[in-house]
Structures are given as C-alpha cells and as structure tokens.
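Peer 1: Next up is a structure, given as structure tokens.
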Amino acid sequence: MDGDRSDRAPLLDLREVDETQVSVVGGKAAHLGALSRIDGVRVPVGFCVTTAAFRRVMAQTPSIDDRLDQLSRLSPDDREAIGTLSAKIRRSVEETPVPSDLAAAITGTLVRFGEQAAYAVRSSATAEDTPTASFAGQQDTYLNVVGSEAVLRHVSRCWASLFTERAVIYRLRNGIDHRTVQMAVVVQRMVLPDASGILFTADPVTGNRKVATVDASFGLGEALVSGLVNPDVFTVRDGEVVASTVAAKERAVAALPGGGTREVAIDPQRREQPALTQAQALRLVRLGRRIEAHFGRPQDIEWCLVDDDFQIVQSRPITTLFPVPPVADQENHVYLSVGHQQMMTDAMRPLGLSMWRLTAMAPMLEAGGRLFVDATRLLASPASRAGFLKMAGRDDPLMRDALETLLDRRDFVATMPDQAGPVGPTTGGPSTSGEADPAIVTELIERSAASVAALRRDIATVTGTALFDFLHEAFQEHKRVLSDPLNMRAIMAGMEATWWLNDRLHEWLGEKNAADTLTLSAPGNVTSEMGLALLDVADVIRPHPEVVAFLHGVEDDDFLDELPKVEGGAEARAAIEAYLDRYGMRCVGEIDITRPRWSERPATLVPVLLDNVRLFEPGAARRRFEQGQQQARQRAQEVLTRLRALPDGQQKADETARMIDRVRAFIGYREYPKYDIVSRYFLYKQALLAEAERLAHAGVLAEPDDVFYLTFHEFHEVVRTHRVDAELIRQRRDEFRAHQALTPPRVLTSDGEVITGAYRRDDLPAGALAGVPVSAGTVEGRARVLLDMAHSDLEAGDILVTAHTDPSWTPLFVGIAGLVTEVGGLMTHGAVIAREYGLPAVVSVLDATRLIRDGQRIRVHGSAGYVEILP
C-alpha cells in the first residue's frame with residue numbers, strides 16, 4: 001500500500017491496514033487489520049475513519065489549543081477540574097460539524113457495506129492497545145448503530161471520547177501528552193451472536209502463560225463487560241479444560257431492530273446451560289494461541305459465536321502481566337527478584353540494568369525493568385535446597401513460603417542428582433573460626449579505599465572507546481574486591497553471630513531477637529555513621545537563622561553557590577560539601593547507576609537537614625551513639641548474668657560473650673561492601689556522563705541522558721561509530737514508563753506465574769498487618785507514609801512507613817521512632833540500621849503503604865513482627 005496515500009486518506013478498509021499503521025488508524029484498528037490476515041481468524045468486515053480525519057475536525061474545533069494546554073497542567077488527582085474541562089472539550093468536538101466531503105465518503109462506504117445494516121462504531125486511539133498501554137475501556141464503543149446519520153453522529157462521539165475523564169486521567173498518570181494521542185474510528189458490520197465473551201491467553205490473575213481462561217455469556221458481550229451477568233468460566237491448560245464453572249445467567253444484552261441495545265431476560269430453561277460447550281472452548285483457545293503467536297505476547301481477546309463460528313472483534317495485549325525473563329531452552333525455571341534483596345524494587349533503565357549485571361557476582365536475567373536470578377538448580381538439588389531455603393527464609397520469609405508452595409506441587413521443579421554443595425549455613429553455629437579481630441575490618445576498609453583511589457586516579461586519564469576497555473578491566477577489579485575470601489568471611493561473621501545469638505538466647509532465655517539491643521551503636525557502620533553525620537551538619541546550621549530561612553526556600557540544586565551570601569552561609573556550605581565529599585555518591589535506588597546522586601541533586605538532603613535542625617539539640621549525634629553503646633553494654637551484662645545462673649551457665653556465658661564480641665566487631669562491616677560498590681558506581685557514572693555530554697555536544701545525542709536508555713555495550717558502540725538509533729531510545733523510554741507501573745514479584749516461574757508467599761500466622765490480633773520482626777521494641781505514633789525521602793517533613797515520634805529503604809534513607813532514621821517497610825529481611829540495610837539506632841521495626845509488610853494511611857496512628861511490634869492500625 002502507498003504509505004503516503006494512507007497517511008492522508010480519510011477512510012481505509014480494515015483489510016488494508018496492519019500493525020505498522022497505528023499512527024494512521026489507531027491501535028484497535030491496526031490489531032483488527034492484522035487479525036484479518038491470520039489464517040483461520042474471522043473478523044467482521046468494516047472500515048476505519050483515520051486520524052487524518054480526526055486532525056481536520058480538531059483543527060476546526062473552537063478553543064481546542066487553549067483547552068489542551070489547560071488540561072496538560074492539571075494534576076491527575078484533581079478530578080473536579082478534569083471533569084469540568086474534559087466535558088467542555090467533548091461538547092466542542094461533538095458540536096463541530098463533520099466536513100461535507102468526509103461525511104460523503106463515510107456515507108458512500110456505508111452504501112457499499114450495506115447502508116441499512118447495523119454497525120459497531122468503536123474508538124481506536126493511537127496510544128490504545130499497544131504493548132505498553134492497553135487503554136482498555138478508556139474510550140467509547142457504540143453497538144447496533146443503524147443508518148448513515150446515526151453512524152456520523154457516533155463517529156463524532158468517538159472522537160470526543162478521547163477526552164473522557166477516565167481517558168484524560170489515564171494519560172496524565174502515564175505521562176502521555178494529550179496532543180500526541182489521536183483518534184481514529186472503526187466502523188464494523190454488527191455481529192449478532194449466540195454467545196460472546198473474553199478470552200485471556202494467559203491467566204490474568206497468576207500470570208501463567210500456559211493457562212488460558214474463557215469468560216462466556218449469551219448475547220452481546222456488553223452484558224459481561226458491564227457486570228450485568230456472571231459469566232461461565234473455562235480454564236484451559238495443555239489442550240484440556242482443567243476447570244469450568246457454569247453461572248446462572250438471568251439477563252443478556254440484545255440488539256434492537258431499529259438500532260441500539262436493551263437488556264432481555266433469558267429463558268429460565270437456558271439460564272443454567274453453558275454458553276459454550278467444552279469443545280467450543282478448546283477450539284476458541286486454539287484460535288487464541290494462533291493470535292497470541294502472531295502478536296508475540298499474551299492477548300485479551302473479545303469474541304462472538306455465530307452459528308458455531310467464532311468471530312474476533314478485538315485483541316489487545318495484556319499489559320498487566322509481568323514479563324518473563326528470556327531463556328533459550330524449554331525447561332522449567334524459577335526466578336527470584338534481585339530487587340527484593342537489594343531493597344530497590346523500582347524499574348531500572350537499560351544502562352542501570354546492564355551495569356549491575358556486568359558488576360554482579362552472579363548471573364542475572366532482566367524482565368520488566370528488573371533483575372532476577374535463576375534458582376532452579378539450587379532448588380532441584382537436595383544437597384543445596386535446604387540451606388538455600390533457610391537463607392531465603394532469613395532474608396525474606398515470604399520468598400521462602402512462595403518457594404515452598406511451588407516445591408510442594410512436585411510437578412514444576414524436578415529433583416536432580418546433587419551437583420552443588422550446601423548453600424549458606426545449615427546450623428545455628430558460626431562457620432568462621434578464631435576470635436573477633438577488629439583489625440580484619442580495618443584491613444579490608446584500607447584495601448577498598450586504596451582500590452577506589454586507584455580507580456579515581458586512573459579513570460580520569462581515559463576517554464572515548466578506551467574508557468569502555470578500561471571499564472571492563474575495572475569491573476573485574478570491582479568483583480575481585482567483593483569476592484575476596486576475607487571480605488566474605490567478615491560479612492558472614494557478623495551475620496552468623498547475629499543468628500547464633502538470636503537462636504541460642506531464645507532457646508536458653510526465651511528472648512526474641514536478643515541481638516537487636518546487643519548491636520546498638522556497633523562501631524564501623526558506614527551507613528549509620530552517615531545518618532549521624534548529617535546531625536553534625538545540622539549543628540553547624542542551627543545557630544544561623546538566616547541559613548535556616550534560606551534553606552526553607554531552596555528549590556534548585558545550585559543553592560550551594562548562593563548560600564555563602566547569607567550570614568553563616570560559608571560555614572554551612574563547607575559542612576554540607578564535606579558531607580557530600582564523604583557520602584555524595586549515595587541516593588535512593590543507588591544500585592541503578594542512572595539515578596541522580598546526592599552530589600548531583602544536593603537539594604534532596606535539604607528537607608532532612610531542616611528536620612534535624614528542628615527536631616534535635618546540639619551534640620545529638622554523639623549522645624545518641626554513646627547512649628547506644630551504653631545500652632548494648634548493659635544488655636550484654638544482663639544476658640551474661642542470667643546465663644550464668646543456668647545449668648552449664650558459665651560455658652553458655654563464655655560462648656555468648658565471644659559471640660557478642662564477634663557481632664560488635666563485624667556487624668558494622670555488613671554495610672561497607674555496598675558503600676564500596678556505590679563509590680565505584682559514582683566514578684563510573686561521572687566518566688560515562690562526560691562521554692554522553694561530548695556526544696550531545698557533537699549532535700549525536702539529543703540529550704546526554706539518552707544513554708540511560710542504552711545498554712553499556714550499545715553505549716560503547718555509539719561512542720565508536722557516532723551513530724545512534726533515536727527510535728530505539730524513544731521505544732526504551734516508553735518501555736521504562738510501562739515498567740514503572742508494574743509490581744515485580746518475589747518469585748516468578750518461566751510459565752509467567754507469580755508465586756506469592758504468606759506468613760500463615762494465627763497469633764496476631766484482629767486486623768493486624770503481619771511482617772518480619774527485625775528490631776525489638778514496641779512503639780506507637782503517627783504513620784508518616786513516604787515514597788520519596790525529599791518530602792520528609794517529620795515530627796518527633798513519627799513512624800516511617802515506606803516501600804523499601806536502601807542506605808540512602810538512613811538520614812531519616814535519626815528522626816523517627818519506628819520503621820515499617822513492604823520489603824526487607826533480618827539482614828537488609830534498613831533492618832541493620834534500625835537495630836543500631838534502637839528503632840522498633842517490622843519489614844516485609846505486604847501493601848503497607850496502601851493499607852496504612854499517612855497520619856494514622858499505628859503501633860509497631862518490633863519483637864513480635866506485626867503492626868496495628870489504631871482507632
């Protein structure tokens with residue numbers, strides 16, 4: 001087909017279009033055209049009123065540009081303003097006359113298709129039914145439209161439906177410019193079916209790609225879509241109906257002879273008859289698999305049954321499914337979320353994903369903008385399974401429960417001959433030998449600092465393609481430092497000593513989480529020191545009212561340049577810059593190299609600094625650390641005294657004293673390897689951004705941050721060739737936006753099934769939210785639900801409730817009374833710091849930020865592992 005002609009043509013037959021013409025005919029029409037080309041798939045005949053016609057009408061609509069400008073400035077939460085303005089736009093579009101030549105073309109085409117026939121008139125937006133945004137139900141469909149005048153009127157209504165309140169909010173929430181979306185309209189011969197419904201070629205609840213579900217009812221599909229009836233449901237797997245439910249169907253939607261539809265009662269003798277036979281359901285699923293194969297992803301398909309013949313009236317991708325990591329074989333695989341281990345479940349951009357994979361200690365797979373590890377072999381081997389599950393349970397009990405749920409089925413993970421040794425500790429005792437020697441930690445930190453200093457020195461000498469060769473070598477040094485056996489022994493020594501103390505003191509004294517108080521103010525924890533150091537910066541700022549007033553007005557990241565102009569500002573700037581020199585490489589989501597660091601966005605720290613100025617007295621950091629040390633010493637003496645009163649008490653006390661020494665010597669080092677990683681990442685990023693800026697200056701890139709949407713190897717190729725695929729970058733930006741809307745699962749199978757875990761506890765008060773107890777104590781206070789630390793605004797006694805915390809959240813910890821997160825485990829960063837600061841904390845509380853409202857009073861039970869929402 002002549003592409004130039006189709007771009008200008010006001011009407012196109014559906015059989016003339018395909019997926020390449022979304023900008024001309026919209027997503028729905030493009031899919032219908034593609035469907036009509038699939039062997040064995042029947043699609044009702046029809047035509048499309050193209051976006052060229054829509055643009056003509058919009059150009060003639062009064063005040064449309066001004067109103068679209070107003071619409072783009074509205075918040076998606078401002079429902080009242082959106083409703084008022086969108087209604088005005090719809091009225092204007094509907095009242096704009098259809099140009100006479102376009103009306104004549106539509107009328108002439110209706111004569112050819114059957115002027116007095118019934119038609120379905122359906123919206124087809126250019127951002128609709130795409131792989132990243134289905135827009136399901138966002139625009140309008142009109143059924144059984146009879147006569148030319150009625151068709152023209154409903155075409156105008158479809159154009160106007162681009163501005164329904166729900167469509168506008170959808171675009172605002174998904175960052176889609178109203179002007180970039182245009183509306184085509186599909187006009188199809190109406191199908192008057194015996195039955196109709198929806199076929200999902202993947203289970204829409206679990207995500208399992210091998211399971212298809214068919215919803216079916218009598219009459220038109222509007223009865224099902226509108227919720228008028230409960231459908232019959234068929235579940236199909238491997239060519240077999242594995243479950244079916246026949247509903248009592250009392251009502252249906254039927255077409256009226258003169259146009260329009262109405263509800264009708266179903267004959268009582270038919271109400272409990274299935275709308276489809278099992279054979280028909282299986283035939284429909286086979287048809288759906290053919291459609292799915294054509295489009296390359298699971299589909300949500302609307303179908304009609306006429307005289308035992310299926311006709312397809314719509315097919316769109318199921319955009320809510322979490323993608324499956326790609327593999328080369330057909331074997332079963334079990335994937336575990338890396339983000340749940342790293343306390344960063346947000347979507348990552350391609351450069352961030354590829355950099356983490358290149359520097360990680362284990363092979364990783366990407367899906368949905370997140371990283372996963374394949375745990376299949378560890379689960380399949382009896383020698384590794386028990387230890388692996390034990391480690392998973394310590395880190396994340398929900399992940400362990402999900403894995404055990406999958407293993408209990410006995411049909412997905414096949415047991416293999418032992419090929420791997422045990423994973424992690426299999427007993428409560430420590431695997432490290434010897435006494436606690438703080439000199440080990442000192443040596444490791446000195447090694448790390450020397451290696452990072454060498455990287456800083458050497459990376460400054462290379463540019464262009466030589467930089468990428470250098471970085472490949474730097475990544476090997478990066479991994480060598482992390483995999484140093486002494487480094488691993490030091491990390492495990494602190495963790496295993498914690499587990500030993502918790503297990504033994506619970507057994508001997510009935511104490512839960514006894515190690516929590518024993519690790520208060522443990523020395524050498526670079527992350528907890530970071531939080532206390534910001535208190536010291538607040539001490540510098542507090543005596544200068546002009547500095548405080550200046551900081552209250554900060555909006556831009558260049559405020560440090562202006563700060564010395566106010567009294568005390570030079571001193572304040574020096575303190576902030578010294579802090580950034582030490583910790584400025586950190587940020588929220590710091591495993592993603594594309595995230596802006598504190599040094600790049602210093603204004604991020606201002607709200608936390610102001611909280612510290614307001615909530616604390618001078619010297620708070622030192623007092624807090626000393627109080628923690630004193631509490632830990634007192635607790636240790638109390639525990640040892642109680643142990644000595646037991647049978648074999650002196651031996652128990654001696655063993656425990658050694659473990660207390662060990663945990664205090666090594667648990668602080670648990671945070672240092674991440675500091676090392678992020679320090680290196682900042683140096684990598686600075687060098688890579690310098691290359692990106694050179695490319696942008698040369699006109700190769702539109703913006704330096706375009707490289708964030710390339711992998712490391714693709715970036716290297718752009719530097720080498722000075723050529724970039726701008727369309728690829730645009731697609732990657734769209735994909736990233738779509739990935740941001742997805743919720744990553746803890747456990748995902750290669751079938752696409754999301755396996756969820758549960759706590760399975762019966763010891764909780766009614767209405768309590770279960771989680772993992774990670775820091776002892778009970779606290780009651782106001783919930784401060786935060787998804788961005790830059791909006792802290794804390795008050796004394798607040799309890800932080802958030803999705804996940806990585807080390808960058810630590811400065812907030814000094815000003816809160818307790819912690820609740822949706823993700824985490826006993827040894828994740830938030831838990832470690834909560835214990836060192838003495839904050840009662842419960843982590844891995846499912847949907848905490850949704851179930852707990854900002855400002856509610858809650859009680860956190862840090863020893864028992866649950867949260868109560870108080871009246």
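By order in the structure tokens, chains are A, B, ...; within a chain, residues start at 1; ligands start at 1, following the order shown.
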Please identify the helix (DSSP H, G or I) residues within stretch 455-632 of chain A (assignment by DSSP from backbone atoms) and present them as a PyMOL selection string.
Peer 2: chain A and resi 455-459+464-483+485-509+515-518+526-541+545-552+559-565+569-583+602-615+620-632
Peer 1: Write a file of the selected residues as a compact mmCIF listing (two decimals), in the first residue's frame, keeping C-alpha atoms.
Peer 2:
```
# COMPACT_ATOMS: atom_id res chain seq x y z
CA LEU A 455 40.13 3.84 40.13
CA ARG A 456 39.55 7.58 40.69
CA ARG A 457 43.09 8.35 39.54
CA ASP A 458 43.17 6.08 36.50
CA ILE A 459 39.67 6.63 35.12
CA GLY A 464 36.26 7.57 24.12
CA THR A 465 36.41 3.89 23.28
CA ALA A 466 39.43 3.50 25.57
CA LEU A 467 37.15 4.30 28.52
CA PHE A 468 34.99 1.26 27.80
CA ASP A 469 38.02 -1.01 27.56
CA PHE A 470 39.24 0.43 30.85
CA LEU A 471 35.86 -0.12 32.48
CA HIS A 472 35.80 -3.78 31.51
CA GLU A 473 39.03 -4.18 33.48
CA ALA A 474 37.67 -2.02 36.31
CA PHE A 475 34.65 -4.31 36.60
CA GLN A 476 36.96 -7.26 37.17
CA GLU A 477 38.73 -5.38 39.98
CA HIS A 478 35.31 -4.44 41.33
CA LYS A 479 34.33 -8.12 41.53
CA ARG A 480 37.73 -9.16 42.86
CA VAL A 481 37.37 -6.84 45.86
CA LEU A 482 33.88 -8.09 46.61
CA SER A 483 34.78 -11.76 46.24
CA PRO A 485 37.54 -14.50 50.81
CA LEU A 486 38.44 -12.29 53.78
CA ASN A 487 35.66 -9.89 52.79
CA MET A 488 33.11 -12.69 52.64
CA ARG A 489 34.27 -14.14 55.98
CA ALA A 490 33.94 -10.74 57.67
CA ILE A 491 30.40 -10.25 56.33
CA MET A 492 29.30 -13.74 57.33
CA ALA A 493 30.95 -13.49 60.75
CA GLY A 494 28.69 -10.63 61.79
CA MET A 495 25.56 -12.15 60.26
CA GLU A 496 26.12 -15.61 61.68
CA ALA A 497 26.95 -14.24 65.12
CA THR A 498 23.61 -12.38 65.00
CA TRP A 499 21.75 -15.57 64.07
CA TRP A 500 23.61 -17.54 66.75
CA LEU A 501 22.70 -15.02 69.46
CA ASN A 502 19.05 -14.90 68.40
CA ASP A 503 18.74 -18.70 68.21
CA ARG A 504 20.65 -19.57 71.41
CA LEU A 505 19.28 -16.81 73.63
CA HIS A 506 15.76 -17.67 72.53
CA GLU A 507 16.46 -21.32 73.39
CA TRP A 508 18.21 -20.59 76.71
CA LEU A 509 16.42 -17.47 77.96
CA ALA A 515 20.82 -9.48 69.21
CA ASP A 516 18.89 -6.29 68.46
CA THR A 517 19.96 -4.42 71.58
CA LEU A 518 23.40 -6.04 71.56
CA VAL A 526 29.45 3.48 57.44
CA THR A 527 25.69 3.74 56.86
CA SER A 528 24.68 4.50 60.44
CA GLU A 529 27.61 6.97 60.64
CA MET A 530 26.16 8.69 57.57
CA GLY A 531 22.89 9.38 59.37
CA LEU A 532 24.64 10.69 62.46
CA ALA A 533 26.99 12.85 60.38
CA LEU A 534 24.01 14.75 58.97
CA LEU A 535 23.06 15.61 62.55
CA ASP A 536 26.50 17.18 62.88
CA VAL A 537 25.84 19.24 59.74
CA ALA A 538 22.57 20.41 61.34
CA ASP A 539 24.59 21.52 64.38
CA VAL A 540 26.59 23.85 62.11
CA ILE A 541 23.43 25.28 60.52
CA PRO A 545 18.68 31.79 61.41
CA GLU A 546 19.42 33.29 58.01
CA VAL A 547 20.83 30.00 56.76
CA VAL A 548 17.77 28.14 58.05
CA ALA A 549 15.44 30.65 56.35
CA PHE A 550 17.46 30.38 53.13
CA LEU A 551 17.24 26.57 53.15
CA HIS A 552 13.46 26.72 53.61
CA PHE A 559 21.71 26.57 46.13
CA LEU A 560 25.24 25.93 47.42
CA ASP A 561 26.51 28.70 45.12
CA GLU A 562 24.14 31.22 46.74
CA LEU A 563 24.44 30.00 50.33
CA PRO A 564 27.63 31.98 51.25
CA LYS A 565 25.77 35.24 50.55
CA GLY A 569 26.35 30.54 54.84
CA ALA A 570 30.02 29.92 54.09
CA GLU A 571 30.37 27.75 57.18
CA ALA A 572 27.16 25.90 56.35
CA ARG A 573 28.26 25.29 52.77
CA ALA A 574 31.61 23.93 53.93
CA ALA A 575 29.84 21.46 56.24
CA ILE A 576 27.41 20.32 53.52
CA GLU A 577 30.18 19.95 50.95
CA ALA A 578 32.30 17.95 53.40
CA TYR A 579 29.31 15.66 53.93
CA LEU A 580 28.85 15.29 50.16
CA ASP A 581 32.55 14.53 49.70
CA ARG A 582 32.09 11.56 52.03
CA TYR A 583 28.55 10.44 51.15
CA PRO A 602 22.06 18.17 46.85
CA ALA A 603 18.63 19.77 47.34
CA THR A 604 17.37 16.24 48.12
CA LEU A 605 19.05 16.47 51.53
CA VAL A 606 17.62 19.88 52.48
CA PRO A 607 14.28 18.66 53.93
CA VAL A 608 16.10 16.10 56.08
CA LEU A 609 18.61 18.71 57.22
CA LEU A 610 15.80 21.05 58.22
CA ASP A 611 14.09 18.23 60.12
CA ASN A 612 17.34 17.66 62.02
CA VAL A 613 17.69 21.36 62.81
CA ARG A 614 14.13 21.45 64.16
CA LEU A 615 13.93 18.13 66.00
CA ALA A 620 22.69 14.79 69.33
CA ALA A 621 24.86 12.53 67.15
CA ARG A 622 27.49 11.96 69.82
CA ARG A 623 24.91 11.49 72.58
CA ARG A 624 22.90 9.07 70.51
CA PHE A 625 25.91 6.92 69.69
CA GLU A 626 27.14 6.89 73.29
CA GLN A 627 23.67 6.02 74.61
CA GLY A 628 23.50 3.10 72.20
CA GLN A 629 26.89 1.84 73.32
CA GLN A 630 25.86 2.06 76.96
CA GLN A 631 22.57 0.22 76.36
CA ALA A 632 24.41 -2.53 74.48
```
Peer 1: Within 8 Å of A:Ser86, counting only C-alpha atoms, which residues show up once you throw out same-chain ones fewer than 3 positions away? Write them as number ranges by chain, please.
Peer 2: A: 71, 82-83, 89-90, 163-165, 168
Peer 1: Which residues are close to A:Ala522, i.e. within 8 Å by only C-alpha atoms, leaving aside same-chain residues fewer than 4 positions away? Reply as a list in words.
Peer 2: Gln629, Arg664, Ala665, Ile667, Gly668 and Glu836 of chain A
Peer 1: With all heavy atoms retained, export the selected residues as a PDB file, in the first residue's frame.
Peer 2:
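Final output, saved to part09.pdb:
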```
ATOM      1  N   GLN A 629      25.795   2.666  72.788  1.00  0.00           N
ATOM      2  CA  GLN A 629      26.890   1.841  73.315  1.00  0.00           C
ATOM      3  C   GLN A 629      26.605   1.414  74.766  1.00  0.00           C
ATOM      4  O   GLN A 629      26.806   0.248  75.132  1.00  0.00           O
ATOM      5  CB  GLN A 629      28.200   2.614  73.260  1.00  0.00           C
ATOM      6  CG  GLN A 629      28.807   2.727  71.875  1.00  0.00           C
ATOM      7  CD  GLN A 629      30.155   3.409  71.926  1.00  0.00           C
ATOM      8  OE1 GLN A 629      30.325   4.423  72.617  1.00  0.00           O
ATOM      9  NE2 GLN A 629      31.124   2.866  71.218  1.00  0.00           N
ATOM     10  N   ARG A 664      29.769  -7.395  67.499  1.00  0.00           N
ATOM     11  CA  ARG A 664      30.095  -5.962  67.563  1.00  0.00           C
ATOM     12  C   ARG A 664      31.328  -5.642  66.722  1.00  0.00           C
ATOM     13  O   ARG A 664      31.461  -4.516  66.215  1.00  0.00           O
ATOM     14  CB  ARG A 664      30.291  -5.532  69.022  1.00  0.00           C
ATOM     15  CG  ARG A 664      28.977  -5.580  69.807  1.00  0.00           C
ATOM     16  CD  ARG A 664      29.039  -4.796  71.092  1.00  0.00           C
ATOM     17  NE  ARG A 664      29.210  -3.363  70.869  1.00  0.00           N
ATOM     18  CZ  ARG A 664      28.228  -2.528  70.542  1.00  0.00           C
ATOM     19  NH1 ARG A 664      26.999  -2.977  70.362  1.00  0.00           N
ATOM     20  NH2 ARG A 664      28.470  -1.246  70.376  1.00  0.00           N
ATOM     21  N   ALA A 665      32.200  -6.607  66.535  1.00  0.00           N
ATOM     22  CA  ALA A 665      33.382  -6.365  65.705  1.00  0.00           C
ATOM     23  C   ALA A 665      33.038  -6.360  64.212  1.00  0.00           C
ATOM     24  O   ALA A 665      33.641  -5.615  63.435  1.00  0.00           O
ATOM     25  CB  ALA A 665      34.446  -7.425  65.993  1.00  0.00           C
ATOM     26  N   ILE A 667      29.509  -6.743  62.648  1.00  0.00           N
ATOM     27  CA  ILE A 667      28.207  -6.433  62.063  1.00  0.00           C
ATOM     28  C   ILE A 667      28.203  -5.078  61.373  1.00  0.00           C
ATOM     29  O   ILE A 667      27.491  -4.876  60.369  1.00  0.00           O
ATOM     30  CB  ILE A 667      27.089  -6.525  63.124  1.00  0.00           C
ATOM     31  CG1 ILE A 667      25.718  -6.643  62.432  1.00  0.00           C
ATOM     32  CG2 ILE A 667      27.104  -5.320  64.055  1.00  0.00           C
ATOM     33  CD1 ILE A 667      25.541  -7.851  61.574  1.00  0.00           C
ATOM     34  N   GLY A 668      28.982  -4.129  61.855  1.00  0.00           N
ATOM     35  CA  GLY A 668      29.044  -2.825  61.190  1.00  0.00           C
ATOM     36  C   GLY A 668      29.615  -2.915  59.796  1.00  0.00           C
ATOM     37  O   GLY A 668      29.226  -2.151  58.898  1.00  0.00           O
ATOM     38  N   GLU A 836      20.793  -0.729  65.019  1.00  0.00           N
ATOM     39  CA  GLU A 836      21.885   0.093  65.546  1.00  0.00           C
ATOM     40  C   GLU A 836      21.362   1.391  66.162  1.00  0.00           C
ATOM     41  O   GLU A 836      21.956   1.922  67.091  1.00  0.00           O
ATOM     42  CB  GLU A 836      22.887   0.406  64.434  1.00  0.00           C
ATOM     43  CG  GLU A 836      23.656  -0.820  63.985  1.00  0.00           C
ATOM     44  CD  GLU A 836      25.055  -0.476  63.540  1.00  0.00           C
ATOM     45  OE1 GLU A 836      25.489   0.667  63.753  1.00  0.00           O
ATOM     46  OE2 GLU A 836      25.725  -1.371  62.996  1.00  0.00           O
TER      47      GLU A 836
END
```
Peer 1: Can you pull out every residue within 7 Å of A:Ser315, counting only C-alpha atoms, but drop anything in the same chain fewer than 4 positions away, and send it as a list in words?
Peer 2: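 So, after excluding close chain neighbours, the residues are His31, Gln299, Asp300, Ile301 and Glu302 of chain A.
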Peer 1: Would you save the residues from that selection as a PDB file, in the first residue's frame, using all heavy atoms?
Peer 2:
```pdb
ATOM      1  N   HIS A  31      -4.857  -3.612  15.074  1.00  0.00           N
ATOM      2  CA  HIS A  31      -4.954  -5.007  15.502  1.00  0.00           C
ATOM      3  C   HIS A  31      -6.020  -5.758  14.710  1.00  0.00           C
ATOM      4  O   HIS A  31      -5.828  -6.918  14.343  1.00  0.00           O
ATOM      5  CB  HIS A  31      -5.269  -5.067  17.001  1.00  0.00           C
ATOM      6  CG  HIS A  31      -4.059  -5.004  17.873  1.00  0.00           C
ATOM      7  ND1 HIS A  31      -3.343  -3.862  18.044  1.00  0.00           N
ATOM      8  CD2 HIS A  31      -3.426  -5.966  18.610  1.00  0.00           C
ATOM      9  CE1 HIS A  31      -2.325  -4.098  18.860  1.00  0.00           C
ATOM     10  NE2 HIS A  31      -2.355  -5.368  19.215  1.00  0.00           N
ATOM     11  N   GLN A 299      -2.673 -12.230  24.909  1.00  0.00           N
ATOM     12  CA  GLN A 299      -3.716 -11.342  24.410  1.00  0.00           C
ATOM     13  C   GLN A 299      -5.007 -11.440  25.229  1.00  0.00           C
ATOM     14  O   GLN A 299      -5.347 -12.488  25.778  1.00  0.00           O
ATOM     15  CB  GLN A 299      -4.046 -11.699  22.942  1.00  0.00           C
ATOM     16  CG  GLN A 299      -2.889 -11.498  21.979  1.00  0.00           C
ATOM     17  CD  GLN A 299      -2.588 -10.038  21.705  1.00  0.00           C
ATOM     18  OE1 GLN A 299      -3.442  -9.288  21.225  1.00  0.00           O
ATOM     19  NE2 GLN A 299      -1.363  -9.613  22.007  1.00  0.00           N
ATOM     20  N   ASP A 300      -5.701 -10.315  25.262  1.00  0.00           N
ATOM     21  CA  ASP A 300      -7.046 -10.184  25.812  1.00  0.00           C
ATOM     22  C   ASP A 300      -7.956 -10.048  24.585  1.00  0.00           C
ATOM     23  O   ASP A 300      -7.916  -9.026  23.885  1.00  0.00           O
ATOM     24  CB  ASP A 300      -7.059  -8.941  26.708  1.00  0.00           C
ATOM     25  CG  ASP A 300      -8.444  -8.451  27.082  1.00  0.00           C
ATOM     26  OD1 ASP A 300      -9.444  -9.022  26.628  1.00  0.00           O
ATOM     27  OD2 ASP A 300      -8.524  -7.460  27.835  1.00  0.00           O
ATOM     28  N   ILE A 301      -8.755 -11.072  24.305  1.00  0.00           N
ATOM     29  CA  ILE A 301      -9.471 -11.183  23.030  1.00  0.00           C
ATOM     30  C   ILE A 301     -10.982 -11.158  23.268  1.00  0.00           C
ATOM     31  O   ILE A 301     -11.501 -11.934  24.085  1.00  0.00           O
ATOM     32  CB  ILE A 301      -9.084 -12.497  22.312  1.00  0.00           C
ATOM     33  CG1 ILE A 301      -7.582 -12.509  22.008  1.00  0.00           C
ATOM     34  CG2 ILE A 301      -9.890 -12.684  21.036  1.00  0.00           C
ATOM     35  CD1 ILE A 301      -7.050 -13.862  21.578  1.00  0.00           C
ATOM     36  N   GLU A 302     -11.683 -10.281  22.557  1.00  0.00           N
ATOM     37  CA  GLU A 302     -13.141 -10.273  22.588  1.00  0.00           C
ATOM     38  C   GLU A 302     -13.651 -11.075  21.392  1.00  0.00           C
ATOM     39  O   GLU A 302     -13.223 -10.849  20.255  1.00  0.00           O
ATOM     40  CB  GLU A 302     -13.671  -8.841  22.551  1.00  0.00           C
ATOM     41  CG  GLU A 302     -13.312  -8.031  23.791  1.00  0.00           C
ATOM     42  CD  GLU A 302     -13.887  -6.627  23.767  1.00  0.00           C
ATOM     43  OE1 GLU A 302     -14.879  -6.412  23.038  1.00  0.00           O
ATOM     44  OE2 GLU A 302     -13.336  -5.757  24.462  1.00  0.00           O
TER      45      GLU A 302
END
```
Peer 1: What is the distance between atom CA of A:Thr778 and atom CA of A:His861, in Å to one decimal?
Peer 2: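 Those two atoms sit 4.6 Å apart.
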Peer 1: Compare A:Thr201, A:Ser381, A:Thr213, A:Thr141 by their minimum atom-to-atom distance to A:Glu292, counting only C-alpha atoms, and give me the closest one.
Peer 2: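 Of all the options, A:Thr201 lies closest to A:Glu292.
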Peer 1: A:Ser63: which residues within 9 Å, counting only C-alpha atoms, same-chain residues fewer than 3 positions away excluded, as a list in words?
Peer 2: Asp66, Arg67, Leu68, Ile89 and Ser92 of chain A
Peer 1: Could you please take those selected residues and save C-alpha atoms as a tab-separated table (two decimals), in the first residue's frame?
Peer 2:
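Full text of out.tsv as output:
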```tsv
chain	number	residue	atom	x	y	z
A	66	ASP	CA	-6.01	26.65	24.82
A	67	ARG	CA	-8.09	23.94	26.49
A	68	LEU	CA	-5.49	21.25	25.80
A	89	ILE	CA	-13.81	19.70	25.16
A	92	SER	CA	-16.96	21.22	21.42
```
Peer 1: Any idea what the distance is between atom CA of A:Val663 and atom CA of A:Thr345?
Peer 2: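 Atom-to-atom, atom CA of A:Val663 and atom CA of A:Thr345 are spaced 29.0 Å apart.
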Peer 1: What's the separation between atom CA of A:Val566 and atom CA of A:His544, in Å to one decimal place?
Peer 2: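 So the two atoms, atom CA of A:Val566 and atom CA of A:His544, lie 9.2 Å apart.
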Peer 1: Compile the contact shell of A:Ser196 as a VMD selection string: residues with an atom at most 8 Å away, counting only C-alpha atoms, same-chain residues fewer than 2 positions apart removed.
Peer 2: chain A and resid 193 to 194 198 216 to 221 302 to 305
